[in-house]
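Participant: Pasting query_38.cif here (mmCIF, C-alpha atoms):
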```
data_input
#
loop_
_atom_site.label_atom_id
_atom_site.label_comp_id
_atom_site.auth_asym_id
_atom_site.auth_seq_id
_atom_site.Cartn_x
_atom_site.Cartn_y
_atom_site.Cartn_z
CA MET A 1 22.01 -15.42 12.59
CA PHE A 2 18.72 -17.30 12.72
CA THR A 3 15.57 -16.41 10.82
CA ILE A 4 11.93 -17.47 10.76
CA VAL A 5 8.74 -16.31 9.01
CA ASN A 6 5.65 -15.52 11.06
CA ARG A 7 3.18 -17.30 8.80
CA GLU A 8 0.21 -15.88 10.74
CA THR A 9 1.01 -12.40 9.44
CA CYS A 10 2.68 -13.22 6.07
CA ILE A 11 0.63 -11.87 3.15
CA SER A 12 2.42 -13.78 0.38
CA CYS A 13 3.65 -10.59 -1.27
CA GLY A 14 6.86 -12.19 -2.52
CA ALA A 15 9.24 -9.49 -1.28
CA CYS A 16 11.44 -11.78 0.86
CA GLY A 17 11.99 -14.33 -1.90
CA ALA A 18 13.09 -11.51 -4.18
CA SER A 19 15.61 -10.21 -1.62
CA ALA A 20 16.88 -13.58 -0.37
CA PRO A 21 15.97 -16.29 -2.89
CA ASP A 22 18.39 -18.76 -1.28
CA ILE A 23 16.64 -18.57 2.06
CA PHE A 24 12.91 -18.01 1.48
CA GLU A 25 10.48 -19.98 -0.61
CA TYR A 26 6.71 -20.19 -0.81
CA CYS A 27 4.45 -23.05 0.16
CA ASP A 28 1.33 -24.16 -1.76
CA GLU A 29 -0.69 -21.46 -0.01
CA GLY A 30 1.79 -18.83 -1.20
CA LEU A 31 3.07 -18.18 2.32
CA SER A 32 6.80 -17.76 2.81
CA PHE A 33 8.99 -20.14 4.77
CA VAL A 34 12.67 -20.54 5.57
CA THR A 35 14.07 -23.34 3.42
CA LEU A 36 17.05 -24.06 5.71
CA ASP A 37 15.01 -25.71 8.44
CA ASP A 38 11.42 -25.80 7.20
CA ASN A 39 10.73 -22.55 9.06
CA GLU A 40 11.75 -23.79 12.48
CA GLY A 41 14.34 -21.02 12.90
CA THR A 42 16.92 -23.49 14.19
CA ALA A 43 19.46 -23.57 11.34
CA GLU A 44 22.07 -20.85 11.18
CA VAL A 45 21.89 -18.62 8.09
CA PRO A 46 25.12 -19.04 6.07
CA GLU A 47 27.19 -15.89 6.42
CA GLU A 48 27.07 -15.03 2.73
CA PHE A 49 23.26 -14.73 2.91
CA GLU A 50 23.03 -12.66 6.10
CA ASP A 51 22.80 -9.34 4.25
CA ASP A 52 20.09 -10.74 1.97
CA VAL A 53 18.09 -11.87 5.00
CA GLU A 54 18.43 -8.40 6.54
CA ASP A 55 17.16 -6.91 3.27
CA ALA A 56 14.22 -9.32 3.36
CA CYS A 57 13.49 -8.39 6.97
CA ASP A 58 13.63 -4.65 6.14
CA GLY A 59 11.47 -5.12 3.05
CA CYS A 60 8.73 -7.24 4.60
CA PRO A 61 5.56 -5.11 4.62
CA THR A 62 4.08 -6.91 7.60
CA ASP A 63 7.24 -7.37 9.70
CA SER A 64 6.80 -11.12 9.38
CA ILE A 65 10.50 -11.96 8.91
CA LYS A 66 12.19 -12.34 12.26
CA ILE A 67 15.94 -12.33 12.86
CA SER A 68 17.83 -13.28 16.02
CA ASP A 69 21.24 -14.41 17.23
CA SER A 70 19.57 -17.36 18.97
CA PRO A 71 17.40 -20.13 17.52
CA PHE A 72 13.63 -19.60 17.41
CA ASP A 73 12.69 -23.25 18.04
CA GLY A 74 9.68 -22.90 15.78
CA ASP A 75 8.22 -19.82 17.54
CA PRO A 76 8.42 -16.58 15.52
CA GLU A 77 7.32 -14.58 18.55
CA LYS A 78 9.88 -16.15 20.90
CA PHE A 79 11.81 -12.92 21.39
CA GLU A 80 8.91 -10.44 21.39
CA MET B 1 -25.31 17.32 7.91
CA ASP B 2 -25.83 18.39 4.34
CA GLN B 3 -27.49 15.69 2.23
CA GLU B 4 -25.20 16.75 -0.62
CA ASN B 5 -22.28 15.37 1.35
CA VAL B 6 -23.84 11.98 1.96
CA TYR B 7 -22.48 9.35 -0.39
CA ASP B 8 -24.27 6.16 -1.37
CA VAL B 9 -21.16 4.10 -0.77
CA THR B 10 -17.78 4.96 0.69
CA ILE B 11 -15.03 2.56 -0.22
CA ILE B 12 -12.19 2.20 2.27
CA GLY B 13 -9.04 1.20 0.39
CA GLY B 14 -8.02 2.13 -3.17
CA GLY B 15 -6.44 -1.15 -4.24
CA PRO B 16 -7.66 -3.22 -7.20
CA THR B 17 -10.86 -4.38 -5.48
CA GLY B 18 -11.61 -0.85 -4.24
CA LEU B 19 -11.06 0.64 -7.68
CA PHE B 20 -13.22 -1.91 -9.44
CA SER B 21 -15.89 -1.45 -6.76
CA ALA B 22 -15.81 2.30 -7.41
CA PHE B 23 -16.27 1.67 -11.12
CA TYR B 24 -19.12 -0.70 -10.44
CA GLY B 25 -20.74 1.78 -8.06
CA GLY B 26 -20.62 4.33 -10.86
CA LEU B 27 -22.16 1.84 -13.26
CA ARG B 28 -24.97 1.32 -10.76
CA GLN B 29 -25.44 5.10 -10.62
CA MET B 30 -24.31 5.40 -7.04
CA LYS B 31 -22.53 8.39 -5.56
CA VAL B 32 -19.13 6.94 -4.71
CA LYS B 33 -16.19 8.01 -2.57
CA ILE B 34 -12.86 6.20 -2.14
CA ILE B 35 -10.68 6.82 0.91
CA GLU B 36 -7.07 5.66 0.59
CA SER B 37 -4.30 5.91 3.20
CA MET B 38 -1.47 6.32 0.71
CA PRO B 39 -0.87 9.34 -1.55
CA GLN B 40 -1.52 7.07 -4.53
CA LEU B 41 -4.15 4.55 -5.63
CA GLY B 42 -3.37 0.91 -6.38
CA GLY B 43 -2.84 -0.68 -2.98
CA GLN B 44 -0.29 -3.47 -2.73
CA LEU B 45 0.19 -3.49 -6.51
CA ALA B 46 1.41 0.08 -6.51
CA ALA B 47 3.23 -0.05 -3.18
CA LEU B 48 4.90 -3.45 -3.31
CA TYR B 49 5.17 -4.77 -6.83
CA PRO B 50 4.42 -2.24 -9.59
CA GLU B 51 6.93 -3.84 -11.98
CA LYS B 52 6.09 -7.48 -11.30
CA TYR B 53 4.01 -9.47 -13.75
CA ILE B 54 0.70 -10.88 -12.60
CA TYR B 55 -0.53 -13.91 -14.53
CA ASP B 56 -3.92 -14.65 -13.00
CA ILE B 57 -6.06 -11.71 -14.04
CA PRO B 58 -8.85 -12.87 -16.38
CA GLY B 59 -8.31 -11.63 -19.90
CA PHE B 60 -4.69 -10.64 -19.33
CA PRO B 61 -2.13 -13.37 -20.10
CA LYS B 62 0.30 -11.19 -18.18
CA VAL B 63 0.12 -7.67 -16.86
CA THR B 64 2.36 -5.66 -14.51
CA GLY B 65 0.99 -4.27 -11.26
CA LYS B 66 1.34 -0.75 -12.59
CA GLU B 67 -0.39 -1.50 -15.89
CA LEU B 68 -3.31 -3.09 -14.08
CA VAL B 69 -3.63 -0.15 -11.69
CA ASP B 70 -3.46 2.34 -14.57
CA SER B 71 -6.21 0.48 -16.46
CA LEU B 72 -8.38 0.28 -13.34
CA LYS B 73 -7.93 3.99 -12.72
CA GLU B 74 -8.95 4.74 -16.30
CA GLN B 75 -11.98 2.46 -16.01
CA THR B 76 -13.01 4.01 -12.69
CA ALA B 77 -12.48 7.60 -13.88
CA GLN B 78 -15.40 7.21 -16.33
CA PHE B 79 -17.71 7.88 -13.40
CA ASN B 80 -15.61 10.48 -11.56
CA PRO B 81 -15.85 9.11 -8.05
CA THR B 82 -14.61 11.36 -5.24
CA ILE B 83 -11.09 10.24 -4.33
CA VAL B 84 -9.64 11.09 -0.95
CA LEU B 85 -5.95 10.29 -0.58
CA GLU B 86 -3.66 10.22 2.46
CA GLN B 87 -6.45 9.66 4.94
CA SER B 88 -7.11 6.56 6.96
CA VAL B 89 -10.45 5.96 8.62
CA LEU B 90 -10.15 5.79 12.39
CA ASN B 91 -13.73 5.57 13.51
CA ILE B 92 -17.19 4.70 12.19
CA GLU B 93 -20.53 5.64 13.76
CA LYS B 94 -24.06 5.16 12.49
CA ASN B 95 -26.88 7.62 13.11
CA GLU B 96 -30.33 7.52 11.49
CA GLY B 97 -29.16 5.31 8.66
CA VAL B 98 -26.07 7.35 7.80
CA PHE B 99 -22.53 6.38 8.71
CA THR B 100 -20.03 9.01 9.82
CA LEU B 101 -16.46 8.05 9.06
CA THR B 102 -13.81 10.06 10.87
CA SER B 103 -10.33 10.03 9.39
CA ASN B 104 -6.89 10.63 10.90
CA THR B 105 -7.01 14.26 9.73
CA GLY B 106 -10.23 14.81 11.65
CA GLU B 107 -12.27 15.11 8.46
CA LYS B 108 -15.71 13.52 8.58
CA HIS B 109 -17.20 11.59 5.67
CA TYR B 110 -20.88 10.69 5.42
CA SER B 111 -22.22 7.62 3.69
CA LYS B 112 -25.29 5.41 3.49
CA THR B 113 -23.19 2.26 3.09
CA ILE B 114 -19.53 1.35 3.50
CA LEU B 115 -17.47 -1.12 1.53
CA ILE B 116 -14.17 -2.12 3.13
CA THR B 117 -11.62 -3.18 0.52
CA ALA B 118 -8.60 -2.56 2.69
CA GLY B 119 -6.60 -5.67 1.77
CA VAL B 120 -4.09 -6.22 4.54
CA GLY B 121 -4.85 -2.87 6.15
CA ALA B 122 -3.55 0.63 5.67
CA PHE B 123 -0.08 1.01 4.27
CA GLU B 124 2.29 3.57 5.64
CA PRO B 125 5.94 4.25 4.90
CA ARG B 126 8.49 2.54 7.10
CA LYS B 127 10.11 5.20 9.27
CA LEU B 128 13.76 5.91 10.07
CA LYS B 129 13.11 5.19 13.75
CA LEU B 130 15.14 8.15 14.99
CA ASP B 131 14.09 10.12 18.09
CA ASN B 132 13.28 13.52 16.64
CA GLU B 133 12.13 12.28 13.23
CA SER B 134 8.48 13.35 13.58
CA LYS B 135 9.22 17.04 14.16
CA PHE B 136 10.85 17.30 10.72
CA GLU B 137 8.19 15.32 8.86
CA LYS B 138 6.19 18.36 7.84
CA ASP B 139 8.88 20.25 5.96
CA CYS B 140 12.20 18.56 5.50
CA LEU B 141 11.74 14.82 5.95
CA HIS B 142 9.73 13.08 3.25
CA TYR B 143 8.64 9.55 2.42
CA PHE B 144 7.14 10.44 -0.96
CA VAL B 145 7.98 13.00 -3.60
CA ASP B 146 4.77 14.85 -4.38
CA ASP B 147 6.48 17.97 -5.65
CA MET B 148 10.01 17.82 -7.06
CA ASN B 149 10.38 21.60 -6.71
CA LYS B 150 10.78 21.19 -2.96
CA PHE B 151 14.13 19.53 -3.68
CA ALA B 152 15.41 22.07 -6.20
CA GLY B 153 18.73 23.62 -5.21
CA LYS B 154 18.80 21.64 -1.95
CA LYS B 155 21.28 19.24 -0.39
CA VAL B 156 19.30 16.01 -0.42
CA THR B 157 20.05 12.83 1.52
CA VAL B 158 18.18 9.76 0.29
CA PHE B 159 17.94 6.61 2.43
CA GLY B 160 17.32 3.16 0.97
CA GLY B 161 18.74 0.62 -1.46
CA GLY B 162 15.76 -0.46 -3.51
CA ASP B 163 14.31 0.77 -6.79
CA SER B 164 12.45 3.73 -5.30
CA ALA B 165 15.55 5.05 -3.53
CA LEU B 166 17.70 4.79 -6.65
CA ASP B 167 15.06 6.12 -9.01
CA TRP B 168 14.45 9.17 -6.84
CA ALA B 169 18.15 9.81 -6.28
CA LEU B 170 18.62 9.81 -10.07
CA MET B 171 15.52 11.95 -10.71
CA LEU B 172 16.54 14.55 -8.14
CA GLU B 173 20.20 14.71 -9.08
CA PRO B 174 19.79 17.20 -11.97
CA ILE B 175 17.69 19.66 -9.93
CA ALA B 176 19.18 19.36 -6.45
CA GLU B 177 22.41 21.05 -5.35
CA LYS B 178 23.70 17.65 -4.27
CA VAL B 179 22.21 14.19 -3.74
CA THR B 180 23.69 11.63 -1.34
CA LEU B 181 22.36 8.09 -1.26
CA VAL B 182 22.81 6.18 1.97
CA HIS B 183 22.36 2.42 2.21
CA ARG B 184 23.08 -0.16 4.89
CA ARG B 185 25.15 -2.38 2.60
CA ASP B 186 27.33 -1.99 -0.46
CA LYS B 187 24.99 -4.00 -2.68
CA PHE B 188 21.79 -2.40 -3.92
CA ARG B 189 18.53 -4.31 -4.36
CA ALA B 190 17.49 -2.10 -7.27
CA HIS B 191 17.57 -3.12 -10.95
CA GLU B 192 21.10 -3.55 -12.31
CA HIS B 193 20.35 -0.92 -14.92
CA SER B 194 19.55 1.68 -12.24
CA VAL B 195 22.70 0.75 -10.30
CA GLU B 196 24.75 1.32 -13.47
CA LEU B 197 23.12 4.72 -14.00
CA LEU B 198 23.75 5.58 -10.36
CA LYS B 199 27.43 4.81 -10.62
CA LYS B 200 27.72 7.03 -13.69
CA SER B 201 25.82 9.89 -12.05
CA CYS B 202 26.98 12.63 -9.68
CA VAL B 203 25.03 11.07 -6.79
CA GLU B 204 27.32 10.57 -3.81
CA ILE B 205 27.04 7.01 -2.51
CA MET B 206 27.51 6.39 1.19
CA THR B 207 27.65 2.68 2.06
CA PRO B 208 27.57 0.76 4.35
CA PHE B 209 25.95 3.38 6.58
CA VAL B 210 22.73 3.74 8.56
CA PRO B 211 21.13 6.92 9.93
CA ASP B 212 22.13 7.69 13.50
CA GLU B 213 20.90 11.21 14.27
CA LEU B 214 19.12 14.19 12.71
CA ILE B 215 20.60 17.50 13.80
CA GLY B 216 18.78 20.83 13.55
CA GLU B 217 16.36 23.08 15.41
CA ASP B 218 13.40 23.86 13.16
CA SER B 219 14.80 22.24 10.06
CA ILE B 220 17.38 19.55 9.38
CA GLU B 221 20.92 20.88 9.13
CA GLN B 222 22.96 17.72 9.38
CA VAL B 223 22.43 14.00 9.22
CA VAL B 224 24.79 11.84 11.25
CA LEU B 225 25.49 8.44 9.72
CA LYS B 226 27.00 5.42 11.44
CA GLU B 227 28.78 2.51 9.82
CA SER B 228 26.30 -0.36 9.80
CA LYS B 229 28.75 -2.88 11.22
CA GLY B 230 31.25 -0.52 12.84
CA ASP B 231 31.48 2.60 14.97
CA LYS B 232 32.67 5.14 12.43
CA LYS B 233 30.41 8.19 12.25
CA VAL B 234 30.09 10.74 9.46
CA SER B 235 28.09 13.98 9.35
CA LEU B 236 26.43 15.17 6.16
CA ASN B 237 25.23 18.71 5.60
CA THR B 238 21.62 18.22 4.56
CA ASP B 239 18.60 20.41 3.86
CA ILE B 240 16.09 17.73 3.05
CA VAL B 241 15.81 13.98 3.67
CA LEU B 242 13.95 11.42 1.57
CA VAL B 243 13.32 8.01 3.12
CA ASN B 244 12.59 5.05 0.84
CA TYR B 245 12.41 2.15 3.27
CA GLY B 246 9.32 0.58 1.75
CA PHE B 247 5.94 0.23 3.37
CA ILE B 248 4.39 -1.47 6.31
CA SER B 249 0.76 -2.41 6.66
CA SER B 250 -1.49 -2.98 9.61
CA LEU B 251 -5.18 -3.59 10.08
CA GLY B 252 -5.13 -0.79 12.67
CA PRO B 253 -8.43 0.66 13.85
CA ILE B 254 -10.56 -1.68 11.69
CA LYS B 255 -10.20 -4.14 14.57
CA ASP B 256 -12.12 -1.79 16.86
CA TRP B 257 -15.20 -1.23 14.70
CA GLY B 258 -17.17 -4.12 16.13
CA LEU B 259 -16.83 -6.24 13.01
CA GLU B 260 -16.70 -9.99 13.32
CA LEU B 261 -13.13 -10.99 12.57
CA GLU B 262 -11.48 -14.30 11.89
CA LYS B 263 -7.67 -14.27 11.81
CA ASN B 264 -7.51 -10.56 10.92
CA SER B 265 -10.09 -10.97 8.13
CA ILE B 266 -13.65 -9.64 8.19
CA VAL B 267 -16.35 -12.30 8.11
CA VAL B 268 -18.99 -11.68 5.42
CA ASP B 269 -22.08 -13.50 4.14
CA SER B 270 -22.81 -14.37 0.52
CA ARG B 271 -23.84 -10.75 -0.13
CA MET B 272 -20.39 -9.60 1.14
CA GLU B 273 -22.16 -7.92 4.07
CA THR B 274 -20.50 -7.95 7.49
CA ASN B 275 -22.21 -8.45 10.85
CA ILE B 276 -22.95 -4.68 10.82
CA GLU B 277 -25.85 -3.85 8.51
CA GLY B 278 -24.70 -1.52 5.73
CA ILE B 279 -21.01 -2.36 6.03
CA TYR B 280 -19.69 -4.65 3.33
CA ALA B 281 -16.21 -6.08 2.76
CA ALA B 282 -14.58 -7.42 -0.41
CA GLY B 283 -11.18 -8.60 -1.57
CA ASP B 284 -8.32 -9.85 0.57
CA ILE B 285 -9.75 -8.38 3.75
CA ASN B 286 -12.87 -10.55 3.88
CA THR B 287 -13.35 -14.19 4.62
CA TYR B 288 -16.05 -16.86 4.30
CA GLU B 289 -16.04 -20.58 3.88
CA GLY B 290 -13.92 -21.48 0.88
CA LYS B 291 -12.47 -17.97 0.47
CA VAL B 292 -9.56 -17.66 -1.96
CA LYS B 293 -7.41 -14.54 -1.61
CA LEU B 294 -6.68 -13.44 -5.16
CA ILE B 295 -7.15 -10.20 -7.07
CA ALA B 296 -9.53 -12.09 -9.38
CA THR B 297 -11.69 -13.06 -6.40
CA GLY B 298 -11.85 -9.44 -5.25
CA PHE B 299 -12.97 -8.41 -8.73
CA GLY B 300 -15.83 -10.89 -8.46
CA GLU B 301 -16.83 -9.83 -4.97
CA ALA B 302 -16.91 -6.12 -5.88
CA PRO B 303 -20.12 -6.21 -8.01
CA THR B 304 -21.78 -8.50 -5.45
CA ALA B 305 -21.03 -6.09 -2.60
CA ILE B 306 -21.95 -2.98 -4.60
CA SER B 307 -25.19 -4.41 -6.04
CA ASN B 308 -26.35 -5.55 -2.61
CA ALA B 309 -25.41 -2.19 -1.10
CA LYS B 310 -27.41 -0.52 -3.89
CA ALA B 311 -30.45 -2.70 -3.23
CA SER B 312 -30.23 -1.96 0.51
CA ILE B 313 -30.51 1.82 0.07
CA ASP B 314 -32.75 1.91 -2.99
CA PRO B 315 -35.88 -0.23 -2.73
CA LYS B 316 -36.22 -0.13 -6.52
CA GLY B 317 -32.56 -1.04 -7.03
CA ARG B 318 -32.20 -4.49 -8.49
CA ILE B 319 -29.52 -6.76 -7.14
CA GLN B 320 -29.00 -8.27 -10.56
CA PRO B 321 -27.74 -5.42 -12.73
CA LEU B 322 -28.30 -4.91 -16.44
CA HIS B 323 -25.47 -5.82 -18.74
CA SER B 324 -22.75 -3.17 -18.73
CA THR B 325 -23.09 -2.88 -22.52
CA SER B 326 -26.71 -1.68 -22.19
CA ILE B 327 -25.86 0.73 -19.38
CA MET B 328 -22.86 2.23 -21.14
CA ASP B 329 -24.70 2.48 -24.50
CA LYS B 330 -27.52 4.38 -22.80
CA ARG B 331 -25.00 6.59 -21.01
CA LEU B 332 -23.16 7.37 -24.26
CA LYS B 333 -26.43 8.24 -26.00
CA GLU B 334 -27.40 10.55 -23.14
CA GLN B 335 -24.01 12.24 -23.32
CA GLU B 336 -24.35 12.69 -27.08
CA GLU B 337 -27.83 14.20 -26.60
CA LYS B 338 -26.44 16.60 -24.03
CA GLU B 339 -23.64 17.64 -26.35
CA LYS B 340 -26.14 18.23 -29.17
CA GLU B 341 -28.26 20.34 -26.79
CA THR B 342 -25.20 22.42 -25.92
CA VAL B 343 -24.38 22.97 -29.61
CA ARG B 344 -27.98 23.92 -30.38
CA GLY B 345 -28.17 26.18 -27.31
#
```
Give the structure from the file, written as structure tokens.

Facilitator:
Amino acid sequence: MFTIVNRETCISCGACGASAPDIFEYCDEGLSFVTLDDNEGTAEVPEEFEDDVEDACDGCPTDSIKISDSPFDGDPEKFE
Amino acid sequence: MDQENVYDVTIIGGGPTGLFSAFYGGLRQMKVKIIESMPQLGGQLAALYPEKYIYDIPGFPKVTGKELVDSLKEQTAQFNPTIVLEQSVLNIEKNEGVFTLTSNTGEKHYSKTILITAGVGAFEPRKLKLDNESKFEKDCLHYFVDDMNKFAGKKVTVFGGGDSALDWALMLEPIAEKVTLVHRRDKFRAHEHSVELLKKSCVEIMTPFVPDELIGEDSIEQVVLKESKGDKKVSLNTDIVLVNYGFISSLGPIKDWGLELEKNSIVVDSRMETNIEGIYAAGDINTYEGKVKLIATGFGEAPTAISNAKASIDPKGRIQPLHSTSIMDKRLKEQEEKEKETVRG
């Protein structure tokens, strides 16, 4: 599983960090990013955090958390 | 159009900035209406983080989202603004100095000015995403509990794993015939305390399952569940479904109103007025050079927007208001006089 935050639509609500604190953190602007690969979506999510990431994806109020089986290569809209 | 129905300012969005704007409109003796898409006021604070502490509200070292919303509602209620819930504004037109706002229910609202305090746009509940979901939404598929009696004596299936899902499952358990809670994984996101209560309760827990199908003609009879990472299917006899999958927001029709936008935010000048005369924007939804998106900023922009809106419709209306202490003192004295009159009468 790969994940990335669409920082264009993120509203800094803090929901993803609450669901998956090992995967998401917030930058100085308050926007969320994936800590594994500096939000490039290229590092595989460790299996033990996959459920947390799915929770974060489900809980994101702007659908900004993207999940895929393939790497995003820095583009959150790659598979849309 | 009846002049009685024309408001001085209609505020779109009942979050913190909208609520404080409504209060301020009342203070400036304006006739105020708030239109909110959710069945509750409070915006993101109420929908996303009612229990979280906020540390950057002036005068409050720390305050939860819910406490802040409750205080704002109390403050706003002093002036009894008209509050319209569960409507989102689809369209705005201006004729002879009066705006007509048409909502999703078809209702029309009339106003001399508009203040958009819609934050990140209208919130709506996240849906189950099942084919025939919409046909049950009126009677037996709910996203909110507005009346617990609807669930009395019924077989209730609750979807979700967060605080709302657990809280409602526990609240409904004593009055429903049976409550089943369905969640995609075995672990719940809700507070540990709620999870403990859940395990001790009579609520049936179905994990790890996701909804697969709703079966029934006019009303739901059965819910088919599917294992979230398998193929096993289970059918549950169900009268009523409650979905607690959180909320999703979108700017929606605001994009089509002819407002100048910059990255999904509405561009305003130093009076908080948009490119359309008479339409103002405050809080997270607006932008200008140096804009900072904080609740505190929205609180500051609210009186600016309201006072300029007031001055635009009332040639005698000052932009710079009197101190609230003077206004409220005068108001209290007037109320006391009125009460004395009533006693004498």

Participant: Write out as a list in words every residue belonging to chain B that has an atom at most 7 Å from any atom of chain A, counting all atoms listed in the file.

Facilitator: Gly246, Phe247, Ile248 and Ser249 of chain B

Participant: Expand the PyMOL selection byres ((chain B and resi 137-154) around 8) into the individual residues it matches in the shown file, reporting them as number ranges by chain.

Facilitator: B: 125, 133-136, 155-156, 172, 175-178, 219-220, 238-244

Participant: Keeping only C-alpha atoms, write those residues as an mmCIF file, in the coordinates of the input.

Facilitator:
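Saved result, part_2.cif, follows:
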```cif
data_model
loop_
_atom_site.group_PDB
_atom_site.id
_atom_site.type_symbol
_atom_site.label_atom_id
_atom_site.label_comp_id
_atom_site.auth_asym_id
_atom_site.auth_seq_id
_atom_site.Cartn_x
_atom_site.Cartn_y
_atom_site.Cartn_z
ATOM 1 C CA PRO B 125 5.940 4.250 4.900
ATOM 2 C CA GLU B 133 12.130 12.280 13.230
ATOM 3 C CA SER B 134 8.480 13.350 13.580
ATOM 4 C CA LYS B 135 9.220 17.040 14.160
ATOM 5 C CA PHE B 136 10.850 17.300 10.720
ATOM 6 C CA LYS B 155 21.280 19.240 -0.390
ATOM 7 C CA VAL B 156 19.300 16.010 -0.420
ATOM 8 C CA LEU B 172 16.540 14.550 -8.140
ATOM 9 C CA ILE B 175 17.690 19.660 -9.930
ATOM 10 C CA ALA B 176 19.180 19.360 -6.450
ATOM 11 C CA GLU B 177 22.410 21.050 -5.350
ATOM 12 C CA LYS B 178 23.700 17.650 -4.270
ATOM 13 C CA SER B 219 14.800 22.240 10.060
ATOM 14 C CA ILE B 220 17.380 19.550 9.380
ATOM 15 C CA THR B 238 21.620 18.220 4.560
ATOM 16 C CA ASP B 239 18.600 20.410 3.860
ATOM 17 C CA ILE B 240 16.090 17.730 3.050
ATOM 18 C CA VAL B 241 15.810 13.980 3.670
ATOM 19 C CA LEU B 242 13.950 11.420 1.570
ATOM 20 C CA VAL B 243 13.320 8.010 3.120
ATOM 21 C CA ASN B 244 12.590 5.050 0.840
#
```

Participant: So what do you get for CA of Phe299 in chain B versus CA of Tyr53 in chain B, distance-wise?

Facilitator: 17.7 Å

Participant: Exactly which residues make up the result of the PyMOL selection byres ((chain B and resi 288) around 8) on this file, given as a PyMOL selection string?

Facilitator: chain B and resi 267-269+286-287+289-291

Participant: Can you pull out the residues contacting Ile295 in chain B? Cut-off 9 Å, using all atoms listed in the file, and skip same-chain residues under 5 positions away; I want them as a list of chain:residue names.

Facilitator: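 The neighbour list is B:Pro16, B:Thr17, B:Asp56, B:Ile57, B:Gly283, B:Asp284, B:Gly300.
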
Participant: Store the residues picked out above, limited to C-alpha atoms, as a short mmCIF file (atom, residue, chain, number, x, y, z; two decimals), in the coordinates of the input.

Facilitator:
```cif
data_model
loop_
_atom_site.label_atom_id
_atom_site.label_comp_id
_atom_site.auth_asym_id
_atom_site.auth_seq_id
_atom_site.Cartn_x
_atom_site.Cartn_y
_atom_site.Cartn_z
CA PRO B 16 -7.66 -3.22 -7.20
CA THR B 17 -10.86 -4.38 -5.48
CA ASP B 56 -3.92 -14.65 -13.00
CA ILE B 57 -6.06 -11.71 -14.04
CA GLY B 283 -11.18 -8.60 -1.57
CA ASP B 284 -8.32 -9.85 0.57
CA GLY B 300 -15.83 -10.89 -8.46
#
```

Participant: Nearest to Leu130 in chain B: which of B:Glu213, B:Asp186, B:Glu36, B:Glu277 is it, counting all atoms listed in the file?

Facilitator: B:Glu213

Participant: When distances are computed from only C-alpha atoms, which of B:Lys340, B:Lys112, B:Lys73, B:Arg318 shows the smallest separation from Gly18 in chain B?

Facilitator: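 That would be B:Lys73, the residue with the smallest distance to Gly18 in chain B.
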
Participant: Rank B:Gly119, B:Pro174, B:Gly258, B:Gly14 by their smallest atom-to-atom distance to Thr82 in chain B, using all atoms listed in the file, and report the top residue only.

Facilitator: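 With all atoms listed in the file as the atom set, the closest residue is B:Gly14.
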
Participant: In Å, how far is it from CA of Asn308 in chain B to CA of Thr117 in chain B?

Facilitator: 15.2 Å
